[in-house]
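Asks: coords_10.pdb is the file, holding PDB, C-alpha atoms, pLDDT in the B column:
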```
ATOM      1  CA  MET A   1       0.000   0.000   0.000  1.00 89.00           C
ATOM      2  CA  ASN A   2       1.513   3.337  -1.056  1.00 94.00           C
ATOM      3  CA  ASP A   3       1.371   6.663   0.794  1.00 94.00           C
ATOM      4  CA  GLN A   4      -1.656   7.927  -1.136  1.00 95.00           C
ATOM      5  CA  GLN A   5      -3.581   4.748  -0.356  1.00 96.00           C
ATOM      6  CA  LEU A   6      -2.649   5.031   3.305  1.00 96.00           C
ATOM      7  CA  LEU A   7      -4.066   8.548   3.249  1.00 96.00           C
ATOM      8  CA  ARG A   8      -7.194   7.705   1.239  1.00 97.00           C
ATOM      9  CA  TYR A   9      -8.126   4.695   3.360  1.00 97.00           C
ATOM     10  CA  GLY A  10      -6.750   5.977   6.652  1.00 97.00           C
ATOM     11  CA  ARG A  11     -10.116   6.070   8.429  1.00 97.00           C
ATOM     12  CA  HIS A  12     -10.602   2.393   7.651  1.00 97.00           C
ATOM     13  CA  ILE A  13      -7.072   1.508   8.693  1.00 97.00           C
ATOM     14  CA  LEU A  14      -7.667   3.165  12.068  1.00 97.00           C
ATOM     15  CA  LEU A  15     -10.427   0.654  12.785  1.00 97.00           C
ATOM     16  CA  PRO A  16      -8.912  -2.340  14.606  1.00 96.00           C
ATOM     17  CA  GLU A  17     -11.453  -4.638  12.915  1.00 96.00           C
ATOM     18  CA  ILE A  18     -10.050  -3.629   9.508  1.00 97.00           C
ATOM     19  CA  GLY A  19      -6.536  -2.217   9.829  1.00 97.00           C
ATOM     20  CA  ILE A  20      -3.934  -2.438   7.060  1.00 97.00           C
ATOM     21  CA  GLU A  21      -4.503  -6.173   6.555  1.00 97.00           C
ATOM     22  CA  GLY A  22      -8.259  -5.780   6.114  1.00 97.00           C
ATOM     23  CA  GLN A  23      -7.890  -2.802   3.792  1.00 98.00           C
ATOM     24  CA  GLN A  24      -5.457  -4.779   1.657  1.00 98.00           C
ATOM     25  CA  LYS A  25      -8.087  -7.513   1.383  1.00 98.00           C
ATOM     26  CA  LEU A  26     -10.510  -4.885   0.031  1.00 98.00           C
ATOM     27  CA  LEU A  27      -7.924  -3.664  -2.480  1.00 98.00           C
ATOM     28  CA  ASP A  28      -7.476  -7.237  -3.707  1.00 98.00           C
ATOM     29  CA  ALA A  29     -11.210  -8.051  -3.830  1.00 98.00           C
ATOM     30  CA  LYS A  30     -13.547  -8.531  -6.791  1.00 98.00           C
ATOM     31  CA  VAL A  31     -17.266  -7.792  -6.413  1.00 98.00           C
ATOM     32  CA  LEU A  32     -20.108  -8.393  -8.861  1.00 98.00           C
ATOM     33  CA  ILE A  33     -23.069  -5.994  -8.649  1.00 98.00           C
ATOM     34  CA  ILE A  34     -26.283  -7.059 -10.391  1.00 98.00           C
ATOM     35  CA  GLY A  35     -28.418  -3.970 -10.988  1.00 97.00           C
ATOM     36  CA  LEU A  36     -27.310  -0.314 -10.993  1.00 97.00           C
ATOM     37  CA  GLY A  37     -30.591   1.218  -9.865  1.00 96.00           C
ATOM     38  CA  GLY A  38     -31.773   2.379  -6.458  1.00 96.00           C
ATOM     39  CA  LEU A  39     -29.870  -0.297  -4.488  1.00 98.00           C
ATOM     40  CA  GLY A  40     -26.856  -0.691  -6.742  1.00 98.00           C
ATOM     41  CA  SER A  41     -26.202   3.049  -6.775  1.00 98.00           C
ATOM     42  CA  PRO A  42     -25.237   3.536  -3.099  1.00 98.00           C
ATOM     43  CA  ALA A  43     -23.713   0.063  -2.891  1.00 98.00           C
ATOM     44  CA  ALA A  44     -21.360   0.748  -5.804  1.00 98.00           C
ATOM     45  CA  LEU A  45     -20.479   4.217  -4.509  1.00 98.00           C
ATOM     46  CA  TYR A  46     -19.426   2.932  -1.085  1.00 98.00           C
ATOM     47  CA  LEU A  47     -17.573  -0.090  -2.449  1.00 98.00           C
ATOM     48  CA  ALA A  48     -15.582   2.092  -4.840  1.00 98.00           C
ATOM     49  CA  ALA A  49     -14.869   4.718  -2.198  1.00 98.00           C
ATOM     50  CA  SER A  50     -13.715   1.957   0.152  1.00 98.00           C
ATOM     51  CA  GLY A  51     -11.180   0.725  -2.383  1.00 97.00           C
ATOM     52  CA  VAL A  52     -12.601  -2.601  -3.566  1.00 98.00           C
ATOM     53  CA  GLY A  53     -10.147  -3.566  -6.287  1.00 97.00           C
ATOM     54  CA  LYS A  54     -12.534  -4.603  -9.052  1.00 98.00           C
ATOM     55  CA  LEU A  55     -16.238  -3.904  -9.494  1.00 98.00           C
ATOM     56  CA  THR A  56     -18.145  -5.659 -12.259  1.00 98.00           C
ATOM     57  CA  LEU A  57     -21.349  -3.747 -12.998  1.00 98.00           C
ATOM     58  CA  CYS A  58     -24.140  -5.670 -14.714  1.00 98.00           C
ATOM     59  CA  ASP A  59     -27.395  -4.038 -15.873  1.00 97.00           C
ATOM     60  CA  HIS A  60     -29.197  -4.079 -19.220  1.00 96.00           C
ATOM     61  CA  ASP A  61     -31.160  -0.856 -18.703  1.00 96.00           C
ATOM     62  CA  THR A  62     -30.642   2.807 -19.620  1.00 97.00           C
ATOM     63  CA  VAL A  63     -31.022   5.843 -17.371  1.00 97.00           C
ATOM     64  CA  ASP A  64     -34.559   7.211 -17.352  1.00 97.00           C
ATOM     65  CA  PHE A  65     -35.562  10.638 -16.048  1.00 97.00           C
ATOM     66  CA  SER A  66     -37.825   8.961 -13.468  1.00 96.00           C
ATOM     67  CA  ASN A  67     -34.781   7.117 -12.026  1.00 96.00           C
ATOM     68  CA  LEU A  68     -33.164  10.311 -10.759  1.00 97.00           C
ATOM     69  CA  GLN A  69     -35.449  10.557  -7.698  1.00 96.00           C
ATOM     70  CA  ARG A  70     -33.550   7.704  -6.025  1.00 97.00           C
ATOM     71  CA  GLN A  71     -30.781   6.267  -8.230  1.00 97.00           C
ATOM     72  CA  ILE A  72     -28.103   8.597  -6.928  1.00 97.00           C
ATOM     73  CA  ILE A  73     -25.196   7.377  -9.037  1.00 98.00           C
ATOM     74  CA  HIS A  74     -26.830   8.709 -12.214  1.00 98.00           C
ATOM     75  CA  ARG A  75     -27.045  12.295 -13.421  1.00 97.00           C
ATOM     76  CA  THR A  76     -29.520  14.344 -15.458  1.00 97.00           C
ATOM     77  CA  SER A  77     -26.828  14.588 -18.124  1.00 97.00           C
ATOM     78  CA  THR A  78     -26.709  10.783 -18.497  1.00 97.00           C
ATOM     79  CA  VAL A  79     -30.424  10.227 -19.167  1.00 97.00           C
ATOM     80  CA  GLY A  80     -30.655   7.834 -22.097  1.00 97.00           C
ATOM     81  CA  GLU A  81     -27.205   6.336 -21.507  1.00 97.00           C
ATOM     82  CA  PRO A  82     -26.618   2.764 -20.314  1.00 98.00           C
ATOM     83  CA  LYS A  83     -26.784   2.633 -16.523  1.00 97.00           C
ATOM     84  CA  VAL A  84     -23.512   0.737 -16.307  1.00 98.00           C
ATOM     85  CA  ALA A  85     -21.708   3.409 -18.352  1.00 98.00           C
ATOM     86  CA  SER A  86     -23.258   6.215 -16.308  1.00 98.00           C
ATOM     87  CA  ALA A  87     -22.230   4.482 -13.080  1.00 98.00           C
ATOM     88  CA  GLN A  88     -18.764   3.622 -14.361  1.00 98.00           C
ATOM     89  CA  ALA A  89     -17.969   7.271 -15.101  1.00 97.00           C
ATOM     90  CA  VAL A  90     -18.976   8.387 -11.599  1.00 98.00           C
ATOM     91  CA  LEU A  91     -17.071   5.572  -9.886  1.00 98.00           C
ATOM     92  CA  ARG A  92     -13.913   6.340 -11.849  1.00 97.00           C
ATOM     93  CA  ASP A  93     -14.143   9.945 -10.721  1.00 97.00           C
ATOM     94  CA  ILE A  94     -14.617   8.918  -7.079  1.00 97.00           C
ATOM     95  CA  ASN A  95     -11.755   6.424  -7.103  1.00 98.00           C
ATOM     96  CA  PRO A  96      -9.690   5.961 -10.274  1.00 97.00           C
ATOM     97  CA  GLU A  97      -7.765   3.114  -8.621  1.00 96.00           C
ATOM     98  CA  VAL A  98     -10.806   0.846  -8.756  1.00 97.00           C
ATOM     99  CA  GLU A  99     -11.200  -1.251 -11.896  1.00 97.00           C
ATOM    100  CA  CYS A 100     -14.810  -0.888 -13.074  1.00 97.00           C
ATOM    101  CA  VAL A 101     -16.085  -3.278 -15.728  1.00 97.00           C
ATOM    102  CA  ALA A 102     -19.398  -2.248 -17.321  1.00 98.00           C
ATOM    103  CA  LEU A 103     -21.580  -5.012 -18.774  1.00 97.00           C
ATOM    104  CA  GLN A 104     -24.781  -3.813 -20.410  1.00 97.00           C
ATOM    105  CA  LEU A 105     -26.697  -7.058 -20.498  1.00 94.00           C
ATOM    106  CA  ARG A 106     -29.420  -9.059 -18.847  1.00 93.00           C
ATOM    107  CA  ALA A 107     -27.225 -11.985 -17.850  1.00 91.00           C
ATOM    108  CA  ASP A 108     -28.579 -15.476 -18.496  1.00 91.00           C
ATOM    109  CA  GLU A 109     -27.864 -18.501 -16.304  1.00 91.00           C
ATOM    110  CA  GLU A 110     -24.590 -19.363 -18.044  1.00 93.00           C
ATOM    111  CA  GLN A 111     -23.326 -15.775 -17.901  1.00 95.00           C
ATOM    112  CA  LEU A 112     -24.293 -15.421 -14.241  1.00 96.00           C
ATOM    113  CA  ASN A 113     -22.354 -18.566 -13.416  1.00 96.00           C
ATOM    114  CA  GLU A 114     -19.278 -17.241 -15.216  1.00 96.00           C
ATOM    115  CA  LEU A 115     -19.526 -13.825 -13.552  1.00 97.00           C
ATOM    116  CA  ALA A 116     -20.098 -15.288 -10.079  1.00 97.00           C
ATOM    117  CA  ALA A 117     -17.120 -17.595 -10.520  1.00 97.00           C
ATOM    118  CA  GLN A 118     -14.871 -14.578 -11.132  1.00 97.00           C
ATOM    119  CA  ALA A 119     -16.117 -12.636  -8.082  1.00 98.00           C
ATOM    120  CA  ASP A 120     -15.407 -12.926  -4.367  1.00 98.00           C
ATOM    121  CA  ILE A 121     -18.880 -11.670  -3.437  1.00 98.00           C
ATOM    122  CA  VAL A 122     -22.090 -10.998  -5.374  1.00 98.00           C
ATOM    123  CA  LEU A 123     -24.524  -8.176  -4.574  1.00 98.00           C
ATOM    124  CA  ASP A 124     -28.049  -8.726  -5.850  1.00 98.00           C
ATOM    125  CA  CYS A 125     -29.442  -5.232  -6.335  1.00 97.00           C
ATOM    126  CA  SER A 126     -32.041  -6.283  -8.901  1.00 95.00           C
ATOM    127  CA  ASP A 127     -35.736  -5.504  -8.757  1.00 90.00           C
ATOM    128  CA  ASN A 128     -37.451  -8.748  -9.773  1.00 91.00           C
ATOM    129  CA  PHE A 129     -37.799 -12.299  -8.495  1.00 91.00           C
ATOM    130  CA  ALA A 130     -36.663 -13.977 -11.738  1.00 92.00           C
ATOM    131  CA  THR A 131     -33.253 -12.326 -11.512  1.00 94.00           C
ATOM    132  CA  ARG A 132     -32.972 -12.967  -7.763  1.00 95.00           C
ATOM    133  CA  TYR A 133     -33.610 -16.682  -8.202  1.00 94.00           C
ATOM    134  CA  ALA A 134     -31.135 -16.874 -11.095  1.00 95.00           C
ATOM    135  CA  VAL A 135     -28.446 -15.031  -9.105  1.00 97.00           C
ATOM    136  CA  ASN A 136     -29.101 -17.306  -6.127  1.00 96.00           C
ATOM    137  CA  ARG A 137     -28.588 -20.412  -8.274  1.00 95.00           C
ATOM    138  CA  ALA A 138     -25.346 -19.025  -9.681  1.00 96.00           C
ATOM    139  CA  CYS A 139     -23.969 -18.153  -6.245  1.00 97.00           C
ATOM    140  CA  LEU A 140     -24.949 -21.578  -4.941  1.00 95.00           C
ATOM    141  CA  ALA A 141     -23.242 -23.305  -7.859  1.00 95.00           C
ATOM    142  CA  GLN A 142     -20.059 -21.283  -7.384  1.00 96.00           C
ATOM    143  CA  ARG A 143     -20.183 -21.245  -3.563  1.00 96.00           C
ATOM    144  CA  LYS A 144     -19.915 -17.450  -3.462  1.00 97.00           C
ATOM    145  CA  PRO A 145     -21.432 -15.249  -0.731  1.00 97.00           C
ATOM    146  CA  LEU A 146     -24.598 -13.438  -1.806  1.00 98.00           C
ATOM    147  CA  VAL A 147     -25.717 -10.115  -0.323  1.00 98.00           C
ATOM    148  CA  SER A 148     -29.362  -9.635  -1.237  1.00 97.00           C
ATOM    149  CA  GLY A 149     -31.406  -6.452  -0.960  1.00 97.00           C
ATOM    150  CA  ALA A 150     -34.914  -5.326  -1.849  1.00 96.00           C
ATOM    151  CA  ALA A 151     -37.035  -2.208  -1.322  1.00 96.00           C
ATOM    152  CA  ILE A 152     -40.558  -1.153  -2.229  1.00 94.00           C
ATOM    153  CA  GLN A 153     -42.778   1.646  -0.926  1.00 95.00           C
ATOM    154  CA  PHE A 154     -41.472   2.148   2.663  1.00 97.00           C
ATOM    155  CA  ASP A 155     -40.311  -1.452   3.256  1.00 96.00           C
ATOM    156  CA  GLY A 156     -36.837  -2.840   2.719  1.00 97.00           C
ATOM    157  CA  GLN A 157     -34.803  -5.922   3.522  1.00 97.00           C
ATOM    158  CA  VAL A 158     -31.206  -7.140   3.501  1.00 98.00           C
ATOM    159  CA  ALA A 159     -29.963 -10.703   3.894  1.00 97.00           C
ATOM    160  CA  VAL A 160     -26.596 -12.421   3.568  1.00 97.00           C
ATOM    161  CA  PHE A 161     -26.277 -15.983   2.278  1.00 96.00           C
ATOM    162  CA  ASP A 162     -22.731 -17.251   2.706  1.00 95.00           C
ATOM    163  CA  TYR A 163     -22.510 -20.267   0.434  1.00 94.00           C
ATOM    164  CA  ARG A 164     -18.961 -21.017   1.525  1.00 93.00           C
ATOM    165  CA  ASN A 165     -20.799 -22.697   4.400  1.00 90.00           C
ATOM    166  CA  ALA A 166     -22.652 -25.794   3.210  1.00 87.00           C
ATOM    167  CA  GLU A 167     -25.141 -25.440   6.054  1.00 89.00           C
ATOM    168  CA  ALA A 168     -26.150 -21.882   5.145  1.00 91.00           C
ATOM    169  CA  PRO A 169     -29.758 -21.250   4.061  1.00 94.00           C
ATOM    170  CA  CYS A 170     -30.261 -19.880   0.561  1.00 93.00           C
ATOM    171  CA  TYR A 171     -32.518 -17.202  -0.909  1.00 94.00           C
ATOM    172  CA  ASN A 172     -34.912 -19.894  -2.120  1.00 93.00           C
ATOM    173  CA  CYS A 173     -35.216 -21.204   1.461  1.00 92.00           C
ATOM    174  CA  LEU A 174     -36.530 -17.758   2.427  1.00 90.00           C
ATOM    175  CA  PHE A 175     -38.694 -17.130  -0.638  1.00 90.00           C
ATOM    176  CA  PRO A 176     -39.440 -20.429  -2.427  1.00 90.00           C
ATOM    177  CA  GLU A 177     -39.611 -19.994  -6.167  1.00 87.00           C
ATOM    178  CA  ASP A 178     -42.894 -21.905  -6.386  1.00 80.00           C
ATOM    179  CA  SER A 179     -44.604 -19.817  -3.687  1.00 70.00           C
ATOM    180  CA  GLN A 180     -46.095 -17.401  -6.250  1.00 66.00           C
ATOM    181  CA  ALA A 181     -45.193 -14.404  -4.084  1.00 64.00           C
ATOM    182  CA  THR A 182     -46.687 -11.124  -5.260  1.00 64.00           C
ATOM    183  CA  GLU A 183     -44.133  -8.993  -7.079  1.00 66.00           C
ATOM    184  CA  LEU A 184     -44.535  -5.251  -6.575  1.00 66.00           C
ATOM    185  CA  ARG A 185     -42.800  -2.767  -8.874  1.00 68.00           C
ATOM    186  CA  CYS A 186     -41.859   0.768  -7.856  1.00 69.00           C
ATOM    187  CA  ALA A 187     -43.103   2.019 -11.249  1.00 69.00           C
ATOM    188  CA  THR A 188     -46.652   1.241 -10.127  1.00 77.00           C
ATOM    189  CA  THR A 189     -46.495   1.286  -6.312  1.00 84.00           C
ATOM    190  CA  GLY A 190     -43.744   3.839  -5.606  1.00 90.00           C
ATOM    191  CA  VAL A 191     -40.673   3.752  -3.383  1.00 95.00           C
ATOM    192  CA  PHE A 192     -39.345   6.150  -0.736  1.00 96.00           C
ATOM    193  CA  ALA A 193     -36.082   7.557  -2.086  1.00 96.00           C
ATOM    194  CA  PRO A 194     -33.916   7.358   1.081  1.00 97.00           C
ATOM    195  CA  LEU A 195     -35.029   3.757   1.703  1.00 97.00           C
ATOM    196  CA  VAL A 196     -33.069   2.408  -1.265  1.00 97.00           C
ATOM    197  CA  GLY A 197     -30.079   4.384  -0.017  1.00 97.00           C
ATOM    198  CA  ILE A 198     -30.360   2.750   3.402  1.00 97.00           C
ATOM    199  CA  VAL A 199     -30.711  -0.764   1.974  1.00 98.00           C
ATOM    200  CA  GLY A 200     -27.979  -0.342  -0.643  1.00 98.00           C
ATOM    201  CA  SER A 201     -25.604   1.086   1.954  1.00 98.00           C
ATOM    202  CA  MET A 202     -26.308  -1.882   4.217  1.00 98.00           C
ATOM    203  CA  GLN A 203     -25.494  -4.221   1.343  1.00 98.00           C
ATOM    204  CA  ALA A 204     -22.169  -2.444   0.872  1.00 98.00           C
ATOM    205  CA  ALA A 205     -21.476  -2.665   4.611  1.00 98.00           C
ATOM    206  CA  GLU A 206     -22.118  -6.404   4.699  1.00 98.00           C
ATOM    207  CA  ALA A 207     -19.973  -6.986   1.609  1.00 98.00           C
ATOM    208  CA  LEU A 208     -17.066  -4.977   3.035  1.00 98.00           C
ATOM    209  CA  LYS A 209     -17.196  -6.879   6.328  1.00 97.00           C
ATOM    210  CA  LEU A 210     -17.214 -10.233   4.566  1.00 97.00           C
ATOM    211  CA  LEU A 211     -14.270  -9.199   2.386  1.00 97.00           C
ATOM    212  CA  ALA A 212     -12.292  -7.912   5.366  1.00 96.00           C
ATOM    213  CA  GLY A 213     -12.934 -11.102   7.307  1.00 95.00           C
ATOM    214  CA  ILE A 214     -15.249  -9.575   9.899  1.00 95.00           C
ATOM    215  CA  GLU A 215     -17.619 -12.333  11.020  1.00 88.00           C
ATOM    216  CA  ARG A 216     -20.200 -10.190  12.793  1.00 90.00           C
ATOM    217  CA  GLY A 217     -23.086  -9.275  10.502  1.00 91.00           C
ATOM    218  CA  LEU A 218     -26.140 -10.596   8.719  1.00 95.00           C
ATOM    219  CA  SER A 219     -24.849 -13.975   7.548  1.00 93.00           C
ATOM    220  CA  GLY A 220     -27.801 -16.337   7.855  1.00 92.00           C
ATOM    221  CA  ARG A 221     -30.044 -13.487   8.971  1.00 95.00           C
ATOM    222  CA  LEU A 222     -32.701 -11.233   7.474  1.00 97.00           C
ATOM    223  CA  LEU A 223     -32.934  -7.565   8.410  1.00 97.00           C
ATOM    224  CA  THR A 224     -36.180  -5.785   7.604  1.00 97.00           C
ATOM    225  CA  ILE A 225     -36.782  -2.070   7.826  1.00 97.00           C
ATOM    226  CA  ASN A 226     -39.911   0.041   7.647  1.00 97.00           C
ATOM    227  CA  ALA A 227     -38.829   3.581   6.882  1.00 97.00           C
ATOM    228  CA  LEU A 228     -42.253   5.041   7.643  1.00 96.00           C
ATOM    229  CA  ASP A 229     -42.090   4.134  11.343  1.00 95.00           C
ATOM    230  CA  MET A 230     -38.312   3.495  11.240  1.00 95.00           C
ATOM    231  CA  ASN A 231     -38.805   0.035  12.692  1.00 96.00           C
ATOM    232  CA  ILE A 232     -35.898  -2.367  12.184  1.00 96.00           C
ATOM    233  CA  MET A 233     -36.019  -6.102  12.919  1.00 97.00           C
ATOM    234  CA  ARG A 234     -33.434  -8.847  12.535  1.00 96.00           C
ATOM    235  CA  SER A 235     -34.440 -12.499  12.226  1.00 95.00           C
ATOM    236  CA  ALA A 236     -32.424 -15.714  12.043  1.00 94.00           C
ATOM    237  CA  LEU A 237     -32.886 -17.768   8.876  1.00 93.00           C
ATOM    238  CA  SER A 238     -32.931 -21.554   8.758  1.00 90.00           C
ATOM    239  CA  LYS A 239     -32.145 -23.950   5.954  1.00 90.00           C
ATOM    240  CA  ASP A 240     -35.252 -25.499   4.394  1.00 89.00           C
ATOM    241  CA  PRO A 241     -34.713 -29.287   4.142  1.00 89.00           C
ATOM    242  CA  ALA A 242     -37.191 -29.339   1.242  1.00 87.00           C
ATOM    243  CA  CYS A 243     -35.525 -26.498  -0.683  1.00 90.00           C
ATOM    244  CA  ARG A 244     -35.140 -27.372  -4.337  1.00 87.00           C
ATOM    245  CA  ALA A 245     -32.330 -24.878  -4.915  1.00 89.00           C
ATOM    246  CA  CYS A 246     -29.844 -25.918  -2.236  1.00 85.00           C
ATOM    247  CA  GLU A 247     -31.205 -29.491  -2.013  1.00 75.00           C
ATOM    248  CA  GLY A 248     -31.776 -29.289   1.706  1.00 50.00           C
TER     249      GLY A 248
END
```
Could you show the structure in this file as structure tokens?
Replies:
Amino acid sequence: MNDQQLLRYGRHILLPEIGIEGQQKLLDAKVLIIGLGGLGSPAALYLAASGVGKLTLCDHDTVDFSNLQRQIIHRTSTVGEPKVASAQAVLRDINPEVECVALQLRADEEQLNELAAQADIVLDCSDNFATRYAVNRACLAQRKPLVSGAAIQFDGQVAVFDYRNAEAPCYNCLFPEDSQATELRCATTGVFAPLVGIVGSMQAAEALKLLAGIERGLSGRLLTINALDMNIMRSALSKDPACRACEG
């Protein structure tokens, strides 16, 4: 670590839980972010600012004017541009040391497996169940930790599934794919702007702790937040012996 890095990351290095060794782990880390919208925006900003060595940004969409209410990584000047390109430019400005790879695509199962295999941790910042289940399967197959987030209206949630542990529950244990859960979209139901910032920041926090080797956190747990009443709850998750994804 050179003098400029010691200065840039000094406030992390001062933390005994991180220190020089932990910060070096962040500098050497590779993180895959699926979705550069409301959740991916703050997550990517904090991961880049914290010095994560390589960020792979994956999103098929373009910046829409309606995104600007909550997707804080994008700018009015980038409306119409690919979200990954818009995000990449901002992240490079924040921290040019971080390698940012922009992939404008809706990754299929094979691509997700390849991308997960190349990452140390995967952040699911998507906004639909189909993608969440596909990302879960890829992380399970590659035994990579998954940090999952979701937010709609005033309600948000964060969970960590550490598939390096064979006994860890998976996303499908929590929300079975065949449960026909109702999918709400912010385009029709709305979402409170700061809520996605809270959830995305929590995803970044959990990813950074995992990368630095800090064991305290949300692994095997679900945190839910209601931003209207500012109620926060944390629940333990259990492995479903009948889960079709992780085969019990």
Asks: Find the residues near Gln88 of chain A: any atom within 8 Å, counting only C-alpha atoms, skip ones fewer than 5 places away on the same chain, and give them as a PyMOL selection string.
Replies: chain A and resi 57+100-102
Asks: Could you jot down the atom CA of Asp178 of chain A to atom CA of Ala130 of chain A separation for me, Å, one decimal place?
Replies: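 These two atoms are separated by 11.4 Å.
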Asks: Considering only C-alpha atoms, tabulate each residue of segment 50-91 of chain A that lies at most 12 Å from segment 122-125 of chain A along with its nearest interatomic pair and the corresponding distance in Å to one decimal; arrange the rows by chain and ascending residue number and present them as a Markdown table.
Replies:
```
| residue | atom | partner | partner_atom | distance |
| --- | --- | --- | --- | --- |
| A:Leu55 | CA | A:Val122 | CA | 10.1 |
| A:Thr56 | CA | A:Val122 | CA | 9.6 |
| A:Leu57 | CA | A:Leu123 | CA | 10.0 |
| A:Cys58 | CA | A:Cys125 | CA | 9.9 |
| A:Asp59 | CA | A:Cys125 | CA | 9.8 |
| A:Gln71 | CA | A:Cys125 | CA | 11.7 |
```
Asks: Filtering to C-alpha atoms, could you give me those residues as a compact mmCIF listing (two decimals), in the coordinates of the input?
Replies:
```txt
# COMPACT_ATOMS: atom_id res chain seq x y z
CA LEU A 55 -16.24 -3.90 -9.49
CA THR A 56 -18.14 -5.66 -12.26
CA LEU A 57 -21.35 -3.75 -13.00
CA CYS A 58 -24.14 -5.67 -14.71
CA ASP A 59 -27.40 -4.04 -15.87
CA GLN A 71 -30.78 6.27 -8.23
```
Asks: Given all atoms listed in the file as the basis, pick out the residue of A:Arg106, A:Arg221, A:Arg75, A:Arg164 nearest to Lys144 of chain A.
Replies: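 Using all atoms listed in the file, Lys144 of chain A sits closest to A:Arg164.
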Asks: Tell me which of A:Ala245, A:Leu68, A:Val90, A:Met230 sits closest to Ala141 of chain A, counting all atoms listed in the file.
Replies: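 Of the candidates, the smallest distance to Ala141 of chain A is held by A:Ala245.
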